$ cat final35.csv   # CSV, C-alpha atoms
chain,number,residue,atom,x,y,z
T,15,MET,CA,36.2,-17.6,-30.7
T,16,HIS,CA,34.4,-16.2,-33.7
T,17,HIS,CA,33.4,-12.5,-33.5
T,18,ASP,CA,29.7,-11.8,-33.5
T,19,LYS,CA,28.2,-10.2,-36.6
T,20,PRO,CA,27.5,-6.6,-36.0
T,21,PHE,CA,24.0,-5.5,-35.0
T,22,THR,CA,23.1,-3.2,-37.9
T,23,ILE,CA,19.8,-1.4,-38.6
T,24,ALA,CA,19.5,0.5,-41.9
T,25,GLY,CA,23.3,0.8,-42.2
T,26,HIS,CA,23.7,2.0,-38.6
T,27,THR,CA,25.8,-0.4,-36.4
T,28,PHE,CA,25.1,-0.7,-32.7
T,29,THR,CA,27.4,-2.3,-30.1
T,30,SER,CA,24.6,-3.0,-27.7
T,31,ARG,CA,21.6,-5.2,-28.7
T,32,LEU,CA,19.5,-3.6,-26.0
T,33,ILE,CA,17.1,-0.7,-26.8
T,34,ILE,CA,15.3,0.9,-23.8
T,35,GLY,CA,12.5,3.3,-23.1
T,36,THR,CA,12.3,6.7,-21.4
T,37,GLY,CA,8.8,6.2,-19.8
T,38,LYS,CA,7.6,5.4,-16.3
T,39,TYR,CA,10.9,6.0,-14.4
T,40,PRO,CA,10.6,7.4,-10.8
T,41,SER,CA,12.5,10.5,-12.1
T,42,HIS,CA,14.5,11.8,-15.0
T,43,GLU,CA,17.7,11.3,-13.0
T,44,VAL,CA,17.0,7.6,-12.4
T,45,MET,CA,16.2,7.3,-16.1
T,46,LYS,CA,19.5,8.8,-17.0
T,47,ALA,CA,21.4,6.4,-14.7
T,48,CYS,CA,19.5,3.5,-16.2
T,49,HIS,CA,20.4,4.5,-19.7
T,50,GLU,CA,24.1,4.5,-18.6
T,51,ALA,CA,23.9,1.2,-16.8
T,52,SER,CA,22.1,-0.6,-19.6
T,53,GLY,CA,24.7,0.1,-22.2
T,54,ALA,CA,22.0,0.9,-24.7
T,55,GLU,CA,22.7,3.2,-27.6
T,56,MET,CA,19.1,3.9,-28.7
T,57,VAL,CA,16.2,5.0,-26.5
T,58,THR,CA,12.5,5.3,-27.4
T,59,VAL,CA,10.6,8.5,-26.8
T,60,ALA,CA,6.9,9.5,-27.3
T,61,VAL,CA,5.4,12.6,-29.0
T,62,ARG,CA,2.8,14.5,-27.0
T,63,ARG,CA,1.2,17.9,-26.9
T,64,LEU,CA,3.3,20.4,-25.0
T,65,ASP,CA,1.7,21.4,-21.7
T,66,LEU,CA,1.0,25.1,-22.4
T,67,LYS,CA,0.5,25.8,-18.7
T,68,ALA,CA,4.1,24.8,-18.0
T,69,PRO,CA,6.0,25.4,-21.2
T,70,LYS,CA,9.3,25.8,-19.4
T,71,GLU,CA,9.1,22.5,-17.5
T,72,GLN,CA,12.4,20.6,-17.7
T,73,SER,CA,12.6,18.9,-21.0
T,74,LEU,CA,13.1,15.1,-21.3
T,75,LEU,CA,15.9,15.8,-23.8
T,76,SER,CA,18.0,17.6,-21.2
T,77,PHE,CA,18.5,14.2,-19.6
T,78,ILE,CA,19.4,12.4,-22.8
T,79,ASP,CA,22.8,12.9,-24.4
T,80,THR,CA,21.7,12.7,-28.0
T,81,THR,CA,25.3,12.5,-29.2
T,82,ARG,CA,25.5,9.1,-27.5
T,83,PHE,CA,21.9,7.8,-27.6
T,84,LYS,CA,20.0,7.6,-30.8
T,85,LEU,CA,16.4,8.7,-30.4
T,86,LEU,CA,13.7,6.4,-31.6
T,87,PRO,CA,10.3,8.2,-31.4
T,88,ASN,CA,7.3,6.0,-31.1
T,89,THR,CA,3.7,6.3,-32.2
T,90,ALA,CA,2.3,4.9,-29.0
T,91,GLY,CA,-1.3,5.8,-28.4
T,92,CYS,CA,-2.2,5.7,-32.2
T,93,TYR,CA,-5.0,3.4,-33.1
T,94,ASN,CA,-5.0,3.9,-36.9
T,95,ALA,CA,-2.5,4.3,-39.8
T,96,ASP,CA,-3.4,8.0,-40.4
T,97,ASP,CA,-2.6,9.0,-36.7
T,98,ALA,CA,0.6,7.0,-36.7
T,99,VAL,CA,1.9,8.5,-40.0
T,100,ARG,CA,1.0,12.0,-38.7
T,101,THR,CA,2.8,11.4,-35.5
T,102,CYS,CA,5.9,10.2,-37.4
T,103,HIS,CA,6.0,13.4,-39.4
T,104,LEU,CA,5.9,15.4,-36.2
T,105,ALA,CA,8.6,13.2,-34.7
T,106,ALA,CA,10.9,13.8,-37.7
T,107,GLU,CA,10.4,17.5,-37.4
T,108,LEU,CA,11.2,17.3,-33.6
T,109,GLY,CA,14.1,14.9,-33.7
T,110,LEU,CA,15.6,15.7,-37.1
T,111,SER,CA,15.7,12.0,-37.8
T,112,THR,CA,13.6,9.7,-39.9
T,113,TRP,CA,13.8,6.7,-37.6
T,114,VAL,CA,10.5,5.7,-36.0
T,115,LYS,CA,9.1,2.9,-33.9
T,116,LEU,CA,5.8,2.3,-35.5
T,117,GLU,CA,3.1,1.2,-33.1
T,118,VAL,CA,-0.5,1.0,-34.1
T,119,LEU,CA,-2.6,-0.4,-31.3
T,120,GLY,CA,-5.8,-2.4,-31.7
T,121,ASP,CA,-7.2,-2.5,-28.2
T,122,GLU,CA,-6.6,-0.7,-24.9
T,123,LYS,CA,-6.9,-3.8,-22.8
T,124,THR,CA,-4.3,-6.0,-24.5
T,125,LEU,CA,-2.3,-3.2,-26.3
T,126,PHE,CA,-1.9,-5.8,-29.1
T,127,PRO,CA,-1.1,-4.2,-32.5
T,128,ASP,CA,-3.7,-3.7,-35.2
T,129,VAL,CA,-1.5,-5.4,-37.7
T,130,GLU,CA,-3.7,-4.4,-40.7
T,131,GLU,CA,-3.2,-0.7,-39.9
T,132,THR,CA,0.4,-1.3,-39.0
T,133,VAL,CA,1.2,-2.7,-42.4
T,134,LYS,CA,-0.7,0.1,-44.1
T,135,ALA,CA,1.2,2.8,-42.1
T,136,ALA,CA,4.5,1.0,-42.7
T,137,ARG,CA,4.0,1.1,-46.5
T,138,ARG,CA,3.2,4.8,-46.4
T,139,LEU,CA,6.1,5.7,-44.1
T,140,VAL,CA,8.7,3.8,-46.2
T,141,LYS,CA,7.5,5.7,-49.2
T,142,ASP,CA,7.9,8.9,-47.3
T,143,GLY,CA,11.5,8.0,-46.6
T,144,PHE,CA,11.3,6.8,-42.9
T,145,VAL,CA,13.4,4.0,-41.3
T,146,VAL,CA,10.5,2.0,-39.9
T,147,LEU,CA,10.9,-0.3,-36.8
T,148,PRO,CA,7.4,-1.8,-36.3
T,149,TYR,CA,6.0,-3.3,-33.2
T,150,THR,CA,4.0,-6.3,-34.3
T,151,SER,CA,2.3,-9.5,-33.2
T,152,ASP,CA,4.2,-12.8,-33.2
T,153,ASP,CA,2.5,-13.7,-36.5
T,154,VAL,CA,5.1,-14.8,-39.1
T,155,ILE,CA,2.8,-13.9,-42.1
T,156,ILE,CA,2.6,-10.3,-40.8
T,157,ALA,CA,6.3,-10.2,-40.1
T,158,LYS,CA,6.9,-11.1,-43.8
T,159,LYS,CA,4.5,-8.4,-44.9
T,160,LEU,CA,6.3,-5.8,-42.9
T,161,GLU,CA,9.6,-6.9,-44.3
T,162,ASP,CA,8.2,-6.8,-47.8
T,163,ALA,CA,6.9,-3.3,-47.0
T,164,GLY,CA,10.5,-2.2,-46.5
T,165,CYS,CA,10.6,-2.1,-42.7
T,166,ALA,CA,14.2,-2.0,-41.4
T,167,VAL,CA,13.5,-4.6,-38.7
T,168,VAL,CA,10.5,-6.5,-37.3
T,169,MET,CA,9.6,-6.3,-33.6
T,170,PRO,CA,7.3,-9.0,-32.4
T,171,LEU,CA,5.9,-8.9,-28.9
T,172,ALA,CA,6.9,-11.6,-26.4
T,173,ALA,CA,3.9,-10.9,-24.3
T,174,PRO,CA,1.5,-7.9,-23.8
T,175,ILE,CA,3.2,-4.5,-23.3
T,176,GLY,CA,4.1,-3.9,-19.7
T,177,SER,CA,2.9,-7.3,-18.6
T,178,GLY,CA,6.3,-8.8,-17.6
T,179,LEU,CA,5.0,-12.2,-18.6
T,180,GLY,CA,8.2,-13.1,-20.3
T,181,VAL,CA,8.7,-14.9,-23.7
T,182,ARG,CA,5.3,-16.7,-24.0
T,183,ASN,CA,5.7,-17.6,-27.7
T,184,PRO,CA,9.2,-19.0,-28.3
T,185,HIS,CA,8.0,-21.1,-31.2
T,186,ASN,CA,6.4,-18.2,-33.0
T,187,ILE,CA,9.5,-16.1,-32.5
T,188,ARG,CA,11.6,-18.9,-34.0
T,189,LEU,CA,9.3,-19.1,-37.0
T,190,ILE,CA,9.8,-15.3,-37.6
T,191,LEU,CA,13.5,-15.6,-37.2
T,192,GLU,CA,13.5,-18.3,-39.9
T,193,ALA,CA,11.3,-16.4,-42.2
T,194,VAL,CA,12.7,-12.9,-42.4
T,195,LYS,CA,16.1,-11.5,-43.3
T,196,VAL,CA,15.8,-8.2,-41.5
T,197,PRO,CA,16.8,-8.1,-37.8
T,198,VAL,CA,14.2,-9.4,-35.3
T,199,ILE,CA,13.9,-7.4,-32.1
T,200,VAL,CA,11.6,-8.6,-29.3
T,201,ASP,CA,9.6,-5.7,-28.2
T,202,ALA,CA,7.4,-5.9,-25.1
T,203,GLY,CA,6.7,-8.5,-22.5
T,204,VAL,CA,10.0,-9.0,-20.8
T,205,GLY,CA,9.8,-9.0,-17.0
T,206,THR,CA,13.2,-9.9,-15.8
T,207,ALA,CA,16.7,-10.7,-16.9
T,208,SER,CA,16.1,-14.4,-17.6
T,209,ASP,CA,13.4,-13.4,-20.1
T,210,ALA,CA,15.8,-11.2,-22.0
T,211,ALA,CA,18.4,-14.1,-22.0
T,212,ILE,CA,15.7,-16.5,-23.4
T,213,ALA,CA,14.8,-14.1,-26.2
T,214,MET,CA,18.5,-13.7,-27.1
T,215,GLU,CA,19.1,-17.5,-26.9
T,216,LEU,CA,16.4,-18.0,-29.5
T,217,GLY,CA,18.5,-16.0,-31.9
T,218,CYS,CA,16.8,-12.6,-31.7
T,219,ASP,CA,19.0,-9.7,-32.9
T,220,GLY,CA,18.0,-7.4,-30.1
T,221,ILE,CA,15.4,-6.5,-27.4
T,222,LEU,CA,13.4,-3.4,-26.7
T,223,MET,CA,12.1,-2.9,-23.2
T,224,ASN,CA,10.9,-0.2,-20.9
T,225,THR,CA,8.7,-1.3,-17.9
T,226,ALA,CA,10.9,-4.2,-16.9
T,227,ILE,CA,13.6,-1.7,-16.0
T,228,ALA,CA,11.6,1.5,-15.1
T,229,GLY,CA,9.2,-0.5,-12.9
T,230,ALA,CA,11.8,-2.5,-11.0
T,231,ARG,CA,12.4,-1.8,-7.3
T,232,GLU,CA,15.9,-0.8,-8.2
T,233,PRO,CA,15.7,0.3,-11.8
T,234,VAL,CA,19.5,1.0,-12.2
T,235,ARG,CA,20.4,-2.5,-11.0
T,236,MET,CA,17.8,-4.0,-13.3
T,237,ALA,CA,19.2,-2.0,-16.2
T,238,ARG,CA,22.6,-3.5,-15.5
T,239,ALA,CA,21.0,-7.0,-15.1
T,240,MET,CA,19.4,-6.6,-18.5
T,241,LYS,CA,22.7,-5.5,-20.2
T,242,LEU,CA,24.4,-8.7,-18.8
T,243,ALA,CA,21.4,-10.9,-19.7
T,244,VAL,CA,21.3,-9.7,-23.3
T,245,GLU,CA,25.0,-10.3,-23.6
T,246,ALA,CA,24.8,-13.7,-21.9
T,247,GLY,CA,21.9,-14.8,-24.0
T,248,ARG,CA,23.6,-13.7,-27.2
T,249,ASP,CA,26.8,-15.6,-26.3
T,250,ALA,CA,24.8,-18.7,-25.4
T,251,PHE,CA,23.0,-18.5,-28.8
T,252,LEU,CA,26.3,-18.2,-30.6
T,253,ALA,CA,28.0,-20.9,-28.5
T,254,GLY,CA,25.2,-23.4,-29.2
T,255,ARG,CA,23.4,-25.2,-26.4
T,256,ILE,CA,23.9,-28.9,-25.8
T,257,PRO,CA,21.0,-31.2,-26.8
T,258,MET,CA,18.6,-32.1,-24.1
T,259,LYS,CA,18.7,-35.7,-23.0
T,260,ALA,CA,16.3,-37.8,-21.0
T,261,TYR,CA,18.9,-39.3,-18.7
T,262,ALA,CA,22.1,-38.3,-16.9
T,263,SER,CA,25.5,-38.1,-18.5
T,264,ALA,CA,28.4,-38.0,-16.0
T,265,SER,CA,30.8,-35.1,-16.2
T,266,SER,CA,33.6,-36.9,-14.2
T,267,PRO,CA,35.5,-39.9,-15.6
T,268,MET,CA,34.1,-43.3,-14.6
T,269,HIS,CA,37.5,-45.0,-14.5
T,270,GLY,CA,40.3,-44.7,-11.9
T,271,LEU,CA,37.9,-44.6,-8.9
T,272,VAL,CA,39.7,-45.7,-5.7
T,273,HIS,CA,37.2,-48.4,-4.8
T,274,GLN,CA,37.6,-50.1,-8.2
J,213,MET,CA,-9.3,36.1,-33.7
J,214,GLN,CA,-9.9,32.6,-32.4
J,215,VAL,CA,-7.6,29.7,-33.1
J,216,VAL,CA,-7.5,26.2,-31.5
J,217,ILE,CA,-4.1,25.3,-29.9
J,218,ASN,CA,-3.6,21.7,-28.6
J,219,GLY,CA,-7.4,21.2,-28.7
J,220,GLU,CA,-8.2,24.4,-26.7
J,221,PRO,CA,-9.8,27.5,-28.2
J,222,ARG,CA,-7.7,30.7,-27.7
J,223,GLU,CA,-8.0,34.4,-28.6
J,224,ILE,CA,-4.9,35.7,-30.3
J,225,ALA,CA,-4.0,38.9,-32.2
J,226,ASP,CA,-4.8,39.0,-35.9
J,227,GLY,CA,-2.1,38.0,-38.3
J,228,VAL,CA,0.3,36.6,-35.6
J,229,THR,CA,3.1,34.4,-37.0
J,230,ILE,CA,3.9,31.0,-35.4
J,231,THR,CA,7.2,32.3,-34.1
J,232,ALA,CA,5.5,35.3,-32.5
J,233,LEU,CA,2.8,33.0,-30.9
J,234,LEU,CA,5.4,30.6,-29.5
J,235,THR,CA,7.4,33.5,-28.1
J,236,THR,CA,4.3,35.0,-26.4
J,237,LEU,CA,3.5,31.6,-24.9
J,238,GLY,CA,7.0,31.3,-23.5
J,239,ILE,CA,7.9,28.3,-25.5
J,240,ASP,CA,11.5,27.3,-26.2
J,241,LEU,CA,11.3,27.1,-30.0
J,242,ARG,CA,14.0,24.5,-30.2
J,243,ARG,CA,12.1,21.8,-28.4
J,244,VAL,CA,8.8,21.8,-30.2
J,245,ALA,CA,7.3,20.8,-33.5
J,246,VAL,CA,4.3,22.6,-34.9
J,247,GLU,CA,1.5,21.3,-37.0
J,248,LEU,CA,-1.0,23.7,-38.7
J,249,ASN,CA,-4.3,22.2,-39.8
J,250,GLU,CA,-2.7,18.7,-39.7
J,251,GLN,CA,0.4,19.7,-41.8
J,252,VAL,CA,3.8,20.0,-40.2
J,253,VAL,CA,5.3,23.5,-40.5
J,254,PRO,CA,9.1,23.2,-40.7
J,255,LYS,CA,10.9,25.4,-38.2
J,256,ALA,CA,12.5,27.5,-40.9
J,257,ARG,CA,9.0,28.6,-42.0
J,258,HIS,CA,7.7,29.6,-38.5
J,259,PRO,CA,8.7,33.3,-38.9
J,260,GLU,CA,6.8,33.7,-42.1
J,261,THR,CA,3.7,31.6,-41.4
J,262,ALA,CA,0.9,33.9,-40.2
J,263,LEU,CA,-2.2,32.3,-38.6
J,264,ALA,CA,-5.7,32.8,-39.8
J,265,PRO,CA,-9.0,32.6,-37.9
J,266,ASN,CA,-10.1,29.0,-36.8
J,267,ASP,CA,-6.6,27.6,-37.6
J,268,ARG,CA,-5.9,24.4,-35.6
J,269,LEU,CA,-2.4,24.2,-34.2
J,270,GLU,CA,-0.7,21.4,-32.5
J,271,ILE,CA,2.5,22.1,-30.5
J,272,VAL,CA,4.3,18.9,-29.6
J,273,THR,CA,7.4,17.8,-27.8
J,274,PHE,CA,9.2,14.6,-26.8
J,275,VAL,CA,8.1,12.9,-23.5
J,276,GLY,CA,9.0,9.6,-21.9
J,277,GLY,CA,7.8,6.5,-23.6
J,278,GLY,CA,8.5,2.9,-24.4
$ encode --input "final35.csv" --output "structure tokens"
Amino acid sequence: MHHDKPFTIAGHTFTSRLIIGTGKYPSHEVMKACHEASGAEMVTVAVRRLDLKAPKEQSLLSFIDTTRFKLLPNTAGCYNADDAVRTCHLAAELGLSTWVKLEVLGDEKTLFPDVEETVKAARRLVKDGFVVLPYTSDDVIIAKKLEDAGCAVVMPLAAPIGSGLGVRNPHNIRLILEAVKVPVIVDAGVGTASDAAIAMELGCDGILMNTAIAGAREPVRMARAMKLAVEAGRDAFLAGRIPMKAYASASSPMHGLVHQ
Amino acid sequence: MQVVINGEPREIADGVTITALLTTLGIDLRRVAVELNEQVVPKARHPETALAPNDRLEIVTFVGGG
């Protein structure tokens, strides 16, 4: 069996192809258990104003072992390039790292990316020395522009953020996989383990998810299911599926039957 | 003098530094980043950066997100 090629982003190699979030868990303790169960090595975080009325409230980072999990700050909630770039500079000061998940939203209802602003922000951030992982639409032209801008990966959505609708655009994801050389990470839309497997079977390099785990009835069990699904999907992709046929093809020999 | 911290106007003593302000507010200096008038102020410069009237400060931290 051939070994898989390593999952490398900007020179950093990960064993796990799953990246997960830190939002919407029932508690910090459940989040921590999910991080463990998922096998992920990178987790996303958001940058927000400190609550000045409760400055001593237990910090998110006391539940994340940053020697084991790489932090990936996001720009969620930003609707233009200026706000996103500003948030990235704050994130770099907070996390002492230049890795960012760039997310410039266009609309509150769909949370689809504003790709024009995303490309603009990506160009500025790359120039400022950031390692940029952009959330984007499933548009192959925009994916190419983000790669050309110097992004470390491209992260097309599979369906709207938090929708759990699964991989609604396998053809478009395939086109992106063909068109870019940087890793392709499906970001958003996964609802359950089979969705993650489908994305990996398409040949995606990784998956980023939050709600599918945090919102499950048993988040820790779902975190484990996602770990297994990502591994299974990757193996199935590498193994190569059989072609689909219109009619049956017997698995048992047709000769040597006792009634012959 | 008045400054604006995280969008809220506040009265603080004249000439207070960022470090002194954070300490007064009971904030753990290690877990925040500070922006003064939309420019990040690196931690190393907090002790020497004095605030002026009408300065706008953002004090941010990491929270859960996807």
$ interface_residues --input "final35.csv" --of "chain T" --to "chain J" --cutoff "8 Å" --atoms "only C-alpha atoms" --output "number ranges by chain"
T: 34-38, 58-64, 66, 69-70, 73-75, 87-88, 90, 100, 103-105, 107-108, 223-225
$ write_last_selection --input "final35.csv" --atoms "C-alpha atoms" --output "CSV table (one decimal), keeping the file's coordinate frame"
chain,number,residue,atom,x,y,z
T,34,ILE,CA,15.3,0.9,-23.8
T,35,GLY,CA,12.5,3.3,-23.1
T,36,THR,CA,12.3,6.7,-21.4
T,37,GLY,CA,8.8,6.2,-19.8
T,38,LYS,CA,7.6,5.4,-16.3
T,58,THR,CA,12.5,5.3,-27.4
T,59,VAL,CA,10.6,8.5,-26.8
T,60,ALA,CA,6.9,9.5,-27.3
T,61,VAL,CA,5.4,12.6,-29.0
T,62,ARG,CA,2.8,14.5,-27.0
T,63,ARG,CA,1.2,17.9,-26.9
T,64,LEU,CA,3.3,20.4,-25.0
T,66,LEU,CA,1.0,25.1,-22.4
T,69,PRO,CA,6.0,25.4,-21.2
T,70,LYS,CA,9.3,25.8,-19.4
T,73,SER,CA,12.6,18.9,-21.0
T,74,LEU,CA,13.1,15.1,-21.3
T,75,LEU,CA,15.9,15.8,-23.8
T,87,PRO,CA,10.3,8.2,-31.4
T,88,ASN,CA,7.3,6.0,-31.1
T,90,ALA,CA,2.3,4.9,-29.0
T,100,ARG,CA,1.0,12.0,-38.7
T,103,HIS,CA,6.0,13.4,-39.4
T,104,LEU,CA,5.9,15.4,-36.2
T,105,ALA,CA,8.6,13.2,-34.7
T,107,GLU,CA,10.4,17.5,-37.4
T,108,LEU,CA,11.2,17.3,-33.6
T,223,MET,CA,12.1,-2.9,-23.2
T,224,ASN,CA,10.9,-0.2,-20.9
T,225,THR,CA,8.7,-1.3,-17.9
$ atom_distance --input "final35.csv" --atom1 "CA of Glu122 (chain T)" --atom2 "CA of Gly176 (chain T)"
12.3 Å
$ closest_residue --input "final35.csv" --among "J:Met213, J:Ala225, J:Ile230, J:Leu269" --to "Ala256 (chain J)" --atoms "all atoms listed in the file"
J:Ile230
$ closest_residue --input "final35.csv" --among "T:Thr89, T:Gln72, T:Ser266, T:Thr29" --to "Leu147 (chain T)" --atoms "only C-alpha atoms"
T:Thr89
$ atom_distance --input "final35.csv" --atom1 "CA of Leu179 (chain T)" --atom2 "CA of Pro148 (chain T)"
20.7 Å
$ closest_residue --input "final35.csv" --among "J:Pro259, J:Asn266, J:Val215, J:Pro221" --to "Leu241 (chain J)" --atoms "all atoms listed in the file"
J:Pro259
$ atom_distance --input "final35.csv" --atom1 "CA of Ala243 (chain T)" --atom2 "CA of Gly217 (chain T)"
13.5 Å
$ residues_around --input "final35.csv" --residues "region 252-261 of chain T" --least-positions-apart "3" --cutoff "9 Å" --atoms "all atoms listed in the file" --output "PyMOL selection string"
chain T and resi 16+18+215+217+247-249
$ closest_atom_pairs --input "final35.csv" --of "region 35-134 of chain T" --to "region 203-214 of chain T" --cutoff "12 Å" --atoms "all atoms listed in the file" --output "JSON lines"
{"residue": "T:Ser52", "atom": "CA", "partner": "T:Ala207", "partner_atom": "CA", "distance": 11.8}
{"residue": "T:Thr124", "atom": "CA", "partner": "T:Gly203", "partner_atom": "CA", "distance": 11.5}
{"residue": "T:Leu125", "atom": "CA", "partner": "T:Gly203", "partner_atom": "CA", "distance": 11.1}
{"residue": "T:Phe126", "atom": "CA", "partner": "T:Gly203", "partner_atom": "CA", "distance": 11.2}
$ residues_near_point --input "final35.csv" --point "(19.4, 5.4, -22.2)" --cutoff "8 Å" --atoms "only C-alpha atoms" --output "number ranges by chain"
T: 33-36, 45-50, 52-57, 78, 83
$ residues_around --input "final35.csv" --residues "Asp153 (chain T)" --least-positions-apart "4" --cutoff "8 Å" --atoms "only C-alpha atoms" --output "list in words"
Ala157, Pro170, Asn186 and Ile190 of chain T
$ residues_around --input "final35.csv" --residues "region 149-152 of chain T" --least-positions-apart "6" --cutoff "9 Å" --atoms "all atoms listed in the file" --output "VMD selection string"
chain T and resid 115 to 118 126 to 129 132 160 168 to 172 183 186 to 187 189 to 190 199 to 202
$ build_atoms --input "final35.csv" --residues "region 135-142 of chain T" --atoms "all heavy atoms" --output "CSV table (one decimal), in the coordinates of the input"
chain,number,residue,atom,x,y,z
T,135,ALA,N,0.4,1.6,-42.5
T,135,ALA,CA,1.2,2.8,-42.1
T,135,ALA,C,2.7,2.5,-42.5
T,135,ALA,O,3.3,3.5,-43.0
T,135,ALA,CB,1.1,2.9,-40.6
T,136,ALA,N,3.1,1.3,-42.4
T,136,ALA,CA,4.5,1.0,-42.7
T,136,ALA,C,4.8,1.3,-44.2
T,136,ALA,O,5.8,1.9,-44.6
T,136,ALA,CB,4.9,-0.5,-42.4
T,137,ARG,N,3.9,0.9,-45.1
T,137,ARG,CA,4.0,1.1,-46.5
T,137,ARG,C,4.1,2.6,-46.8
T,137,ARG,O,5.0,3.1,-47.6
T,137,ARG,CB,2.9,0.5,-47.3
T,137,ARG,CG,2.9,-1.0,-47.3
T,137,ARG,CD,1.9,-1.6,-48.2
T,137,ARG,NE,2.0,-3.1,-48.2
T,137,ARG,CZ,1.0,-3.9,-48.0
T,137,ARG,NH1,-0.3,-3.4,-47.8
T,137,ARG,NH2,1.2,-5.2,-47.9
T,138,ARG,N,3.2,3.4,-46.2
T,138,ARG,CA,3.2,4.8,-46.4
T,138,ARG,C,4.5,5.5,-45.9
T,138,ARG,O,5.1,6.4,-46.5
T,138,ARG,CB,2.0,5.5,-45.8
T,138,ARG,CG,0.8,5.3,-46.6
T,138,ARG,CD,-0.5,5.5,-45.9
T,138,ARG,NE,-0.6,6.9,-45.3
T,138,ARG,CZ,-1.6,7.3,-44.5
T,138,ARG,NH1,-2.5,6.5,-44.2
T,138,ARG,NH2,-1.6,8.5,-44.1
T,139,LEU,N,5.0,5.0,-44.7
T,139,LEU,CA,6.1,5.7,-44.1
T,139,LEU,C,7.4,5.4,-44.9
T,139,LEU,O,8.3,6.2,-45.0
T,139,LEU,CB,6.3,5.2,-42.6
T,139,LEU,CG,5.2,5.8,-41.7
T,139,LEU,CD1,5.2,5.0,-40.3
T,139,LEU,CD2,5.5,7.3,-41.4
T,140,VAL,N,7.5,4.1,-45.4
T,140,VAL,CA,8.7,3.8,-46.2
T,140,VAL,C,8.7,4.6,-47.4
T,140,VAL,O,9.8,5.1,-47.8
T,140,VAL,CB,8.7,2.2,-46.5
T,140,VAL,CG1,9.7,1.9,-47.5
T,140,VAL,CG2,8.9,1.4,-45.2
T,141,LYS,N,7.6,4.8,-48.0
T,141,LYS,CA,7.5,5.7,-49.2
T,141,LYS,C,7.9,7.1,-48.9
T,141,LYS,O,8.5,7.8,-49.7
T,141,LYS,CB,6.0,5.6,-49.7
T,141,LYS,CG,5.9,5.7,-51.2
T,141,LYS,CD,4.5,5.4,-51.7
T,141,LYS,CE,3.9,6.5,-52.5
T,141,LYS,NZ,2.5,6.4,-52.6
T,142,ASP,N,7.5,7.5,-47.7
T,142,ASP,CA,7.9,8.9,-47.3
T,142,ASP,C,9.4,9.0,-46.8
T,142,ASP,O,9.8,10.1,-46.3
T,142,ASP,CB,7.0,9.4,-46.1
T,142,ASP,CG,5.5,9.6,-46.6
T,142,ASP,OD1,5.3,9.7,-47.8
T,142,ASP,OD2,4.7,9.8,-45.7
